[in-house]
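Visitor: Pasting in a structure now, in structure tokens, and then I'll have a few things to ask.
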Amino acid sequence: MIVQRTTSLLAIVAIVACGLFILSKTTNTTFESVSNVKFGPSRYIPTKLPSFEDLRHPFRPAAHKPPEQANSTSGESKWFTDWKWLNPFSSSITLDEHRTVLPPLPERPPVYTFYEPNSKNDEALQKADGQLLLAWRRAWYAKGFRPVVLSRAEAMKNPLYEEVQRRQLDAELELDFFKWLAWGHMGRGLFADWLCFPMARYDDVTFNYLRTGTIPTHITRFDKLDRALFVAESATINDAIKAAVQDADDKTSSILDLIPSDLFINEQSDALAYYDSSTVPTNYHDLTEKYHALPGAERQALVELIDAHLHTTFLNNFPSGFTVIKPFAEHTTALVQPALQLAKALSKCPTSEFSGSCPPNRPTCKPCNSKSKAIPIAQPQAFKNDTSTYSIGVLPHPLTLIALQHDSIEIDTAYIRRKTPRDPWLATVTSELLGPNRAGSSRAVTFKELVAGDEFGSSTFWMTVETLPAKEGDNLPKELVAELEWHFGFTIKTGDTEDDAKKSGEEPQPSVDHEYELISKARDMLRDNPSVALVCAISQKLGI
């Protein structure tokens with residue numbers, strides 16, 4: 001009887017041991033290649049069983065520091081790009097408290113245009129053309145694309161260039177061929193007229209479709225937009241050119257008349273604005289009438305008109321206005337001032353003399369001008385998920401926030417651990433989304449998605465303030481404003497804060513010089529004594 005029980009016990013032990021052995025041999029992949037990356041909910045579902053070591057230590061950090069990546073530093077900032085960026089604590093992946101894990105940047109599909117300098121050698125016109133090309137690149141970049149301006153040099157590199165030259169075509173038709181030759185040489189992507197602008201939300205279905213890729217067998221074009229935008233692969237582009245060359249003659253004025261119609265697929269869209277030679281005189285007669293004898297001035301006025309339309313479209317996309325997230329309002333007036341300045345700059349109406357008009361693709365828009373109602377700017381303490389509002393947030397360093405709340409920079413570790421709550425800023429900002437009872441690690445994951453995830457990326461903007469003005473009355477740095485223009489897609493007019501307040505009839509605000517002084521001292525400590533800043537961040541668990 002004893003022998004039988006012993007045998008059964010040994011059998012059970014053997015089975016358990018075998019199971020643990022098999023689990024311990026399971027490969028533990030640290031990251032997947034980009035080509036195998038999953039999107040949506042599936043990216044959170046593991047495809048392999050965890051190893052035995054993972055079961056024993058589920059929150060164990062990485063065994064080795066990940067290698068340095070190209071272009072992963074800026075000044076004193078360091079980061080590591082990895083698909084595990086939603087991990088609440090970057091240091092568990094990088095093994096470096098000063099190195100942040102960031103999500104891989106989405107690929108920017110190329111969008112090409114073709115520019116041929118004007119033959120009249122008009123200096124004013126060339127300068128205006130440069131401004132128009134800048135506006136075109138900036139607008140497409142803001143929608144997630146990589147804009148590239150092509151020229152005759154790219155066309156000459158296409159193997160079909162000599163065949164086109166031998167045909168001795170009309171100058172207008174030959175230029176049309178050069179555009180397609182340049183596009184075919186570059187390969188797959190979008191080809192847009194430099195008068196075609198994206199004029200809708202970032203998450204519009206048209207832009208989502210264009211960012212996903214191309215149809216290998218056809219050329220996509222859009223109804224009612226003539227030659228404004230095409231999408232195709234290199235092989236299809238060159239097949240279209242070959243077919244067009246065979247039938248080219250002096251009676252044809254456009255390459256589109258020569259390409260077989262079965263190569264095209266037509267799509268519908270109201271997200272693109274095309275300012276071609278027939279649209280502008282019809283829709284904006286005052287502009288062409290005023291500058292008809294001055295081509296350079298007319299082109300410059302068109303640049304300002306398009307920029308005003310881009311800005312108006314942005315404002316129409318968020319009819320409820322702006323929110324500047326301001327937790328702990330009694331201590332953070334100076335802290336959120338840069339975000340408030342940005343909100344006021346974005347809410348200003350465009351200054352073009354024709355800003356009262358609408359884009360050609362949105363004739364029923366609500367123009368923003370001096371007669372328009374002021375755009376509201378709210379300052380709630382928590383973020384609210386409202387797609388009709390554009391939210392701007394400021395993420396302070398824990399030391400800066402504690403100094404403002406404590407009203408002193410004289411802070412030690414004992415005070416932080418005994419007298420300050422845990423994750424106060426994070427808990428307050430996410431209280432509307434998650435309620436009051438969620439743990440700090442889950443809030444950190446939600447906040448990361450809020451800042452860098454796909455769902456909120458087009459309706460929120462977050463900034464740190466350690467490099468921004470720490471003096472009352474200072475404007476946003478010009479370098480920062482120039483970068484923000486590429487983020488939003490149009491020029492941003494910033495003015496004197498005090499003058500703007502007087503013009504808008506705002507009541508004078510009480511001085512916050514003491515807050516600015518505390519912010520400045522906290523920044524000096526962060527720069528001169530980073531170890532103290534690190535202890536502060538770890539103690540507050542806010543350095544996510």
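Starting from 1 in every chain, residues are counted up; chains themselves are A, B, ... following the order of the structure tokens, and ligands are numbered from 1 as listed.
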Please, which residues of stretch 353-404 of chain A, numbered as in this document, come out strand (DSSP E) from DSSP, as a list in words?

Guide: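 Written out, the strand (DSSP E) residues of stretch 353-404 of chain A are Ile377, Ala378, Tyr390, Ser391, Ile392, Gly393, Val394 and Leu395 of chain A.
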
Visitor: Go ahead and save the residues from that selection, with C-alpha atoms, as a PDB file, in the first residue's frame.

Guide:
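Output contents, as saved in again_12.pdb:
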ATOM      1  CA  ILE A 377     -10.776  78.652 -23.891  1.00  0.00           C
ATOM      2  CA  ALA A 378     -11.598  76.624 -20.778  1.00  0.00           C
ATOM      3  CA  TYR A 390      -8.857  70.730 -28.760  1.00  0.00           C
ATOM      4  CA  SER A 391      -6.950  70.073 -25.535  1.00  0.00           C
ATOM      5  CA  ILE A 392      -3.502  71.405 -24.627  1.00  0.00           C
ATOM      6  CA  GLY A 393      -1.651  70.108 -21.586  1.00  0.00           C
ATOM      7  CA  VAL A 394       1.557  70.894 -19.723  1.00  0.00           C
ATOM      8  CA  LEU A 395       3.472  68.069 -18.041  1.00  0.00           C
TER       9      LEU A 395
END

Visitor: Please report, as JSON, numbers by chain, each residue of stretch 359-504 of chain A to which DSSP assigns helix (DSSP H, G or I) when run on this structure's backbone.

Guide: {"A": [398, 399, 400, 401, 402, 403, 404, 405, 406, 413, 414, 415, 416, 417, 418, 419, 424, 425, 426, 427, 428, 429, 431, 432, 433, 434, 440, 441, 442, 443, 444, 445, 446, 447, 448, 449, 450, 451, 452, 478, 479, 480, 481, 482, 483, 484, 485, 486, 487, 488, 497, 498, 499, 500, 501, 502, 503, 504]}

Visitor: Out of A:Leu125, A:Leu310, A:Leu434, A:Leu229, which residue has the shortest atom-to-atom distance to A:Thr113 when counting only C-alpha atoms?

Guide: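 Closest to A:Thr113, using only C-alpha atoms: A:Leu229.
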
Visitor: Quote the spacing between atom CA of A:Tyr516 and atom CA of A:Thr332 in Å to one decimal place.

Guide: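 Between atom CA of A:Tyr516 and atom CA of A:Thr332 the gap works out to 9.7 Å.
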
Visitor: I'd like the neighbourhood of A:Glu330 as a PyMOL selection string, where a residue qualifies if any of its atoms comes within 10 Å (using only C-alpha atoms), though same-chain residues fewer than 3 positions away should be ignored.

Guide: chain A and resi 326-327+333+404-405

Visitor: Generate the output file for the selected residues, N, CA and C atoms, as an mmCIF file, in the first residue's frame.

Guide:
data_model
loop_
_atom_site.group_PDB
_atom_site.id
_atom_site.type_symbol
_atom_site.label_atom_id
_atom_site.label_comp_id
_atom_site.auth_asym_id
_atom_site.auth_seq_id
_atom_site.Cartn_x
_atom_site.Cartn_y
_atom_site.Cartn_z
ATOM 1 N N LYS A 326 -5.479 72.371 -16.371
ATOM 2 C CA LYS A 326 -4.866 73.145 -15.287
ATOM 3 C C LYS A 326 -5.210 72.523 -13.929
ATOM 4 N N PRO A 327 -4.553 71.413 -13.564
ATOM 5 C CA PRO A 327 -4.752 70.863 -12.219
ATOM 6 C C PRO A 327 -4.092 71.753 -11.175
ATOM 7 N N THR A 333 -0.829 78.725 -12.252
ATOM 8 C CA THR A 333 -1.143 79.743 -13.264
ATOM 9 C C THR A 333 0.055 80.013 -14.157
ATOM 10 N N LEU A 404 5.937 74.408 -6.359
ATOM 11 C CA LEU A 404 4.795 75.321 -6.454
ATOM 12 C C LEU A 404 3.768 75.039 -5.358
ATOM 13 N N GLN A 405 3.520 73.766 -5.088
ATOM 14 C CA GLN A 405 2.544 73.429 -4.052
ATOM 15 C C GLN A 405 3.066 73.730 -2.649
#

Visitor: Pick out the residues sitting within 9 Å of A:Leu315, and hand them over as a list in words; count only C-alpha atoms, and ignore anything fewer than 6 positions along from it in its own chain.

Guide: Gly321, Leu346, Ser347, Cys349, Lys366, Cys368 and Ile375 of chain A

Visitor: As an mmCIF file with C-alpha atoms, in the first residue's frame, please: the residues near A:Glu472 (cut-off 8 Å, only C-alpha atoms, same-chain neighbours under 4 positions excluded).

Guide:
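Dumped everything to out-v6.cif:
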data_model
loop_
_atom_site.group_PDB
_atom_site.id
_atom_site.type_symbol
_atom_site.label_atom_id
_atom_site.label_comp_id
_atom_site.auth_asym_id
_atom_site.auth_seq_id
_atom_site.Cartn_x
_atom_site.Cartn_y
_atom_site.Cartn_z
ATOM 1 C CA ALA A 334 2.431 80.432 -14.342
ATOM 2 C CA VAL A 512 2.343 85.397 -10.449
ATOM 3 C CA ASP A 513 5.973 86.521 -10.234
ATOM 4 C CA TYR A 516 7.744 82.108 -12.024
#

Visitor: Give me the residues near A:Leu342 as a list of chain:residue names, where near means some atom within 9 Å (using only C-alpha atoms) and where sequence neighbours in that chain fewer than 6 positions away do not count.

Guide: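 Residues near the query, excluding close chain neighbours: A:Ile392, A:Leu476, A:Val481, A:Ile492, A:Thr494.
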
Visitor: Those residues with N, CA and C atoms, as a PDB file, in the first residue's frame please?

Guide:
ATOM      1  N   ILE A 392      -4.937  71.145 -24.738  1.00  0.00           N
ATOM      2  CA  ILE A 392      -3.502  71.405 -24.627  1.00  0.00           C
ATOM      3  C   ILE A 392      -3.107  71.205 -23.170  1.00  0.00           C
ATOM      4  N   LEU A 476       6.098  82.745 -26.479  1.00  0.00           N
ATOM      5  CA  LEU A 476       6.664  81.453 -26.849  1.00  0.00           C
ATOM      6  C   LEU A 476       7.879  81.669 -27.744  1.00  0.00           C
ATOM      7  N   VAL A 481       7.574  78.049 -32.080  1.00  0.00           N
ATOM      8  CA  VAL A 481       6.421  78.407 -32.916  1.00  0.00           C
ATOM      9  C   VAL A 481       6.623  77.899 -34.343  1.00  0.00           C
ATOM     10  N   ILE A 492       1.209  80.423 -37.356  1.00  0.00           N
ATOM     11  CA  ILE A 492       0.652  80.770 -36.048  1.00  0.00           C
ATOM     12  C   ILE A 492       1.137  82.168 -35.693  1.00  0.00           C
ATOM     13  N   THR A 494       1.711  84.910 -33.094  1.00  0.00           N
ATOM     14  CA  THR A 494       1.832  85.182 -31.665  1.00  0.00           C
ATOM     15  C   THR A 494       2.105  86.661 -31.475  1.00  0.00           C
TER      16      THR A 494
END

Visitor: Closest to A:Ala382 among A:Thr420, A:Thr279, A:Thr312, A:Thr430, using only C-alpha atoms?

Guide: A:Thr430

Visitor: Find the residues around A:Gly453 up to 10 Å (only C-alpha atoms counted), leave out those fewer than 6 positions away in its own chain, and share them as JSON, numbers by chain.

Guide: {"A": [86, 103, 446, 447]}

Visitor: Would you save the residues from that selection as a CSV table (one decimal), in the first residue's frame, using C-alpha atoms?

Guide:
chain,number,residue,atom,x,y,z
A,86,LEU,CA,3.0,51.4,-22.9
A,103,PRO,CA,6.5,54.6,-29.4
A,446,THR,CA,-3.8,55.5,-20.1
A,447,PHE,CA,-1.9,58.8,-20.0

Visitor: From the options A:Ser261, A:Asn238, A:Asn208, A:Gln268, which residue's atoms come nearest to A:Asp223, counting only C-alpha atoms?

Guide: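 Closest candidate: A:Gln268.
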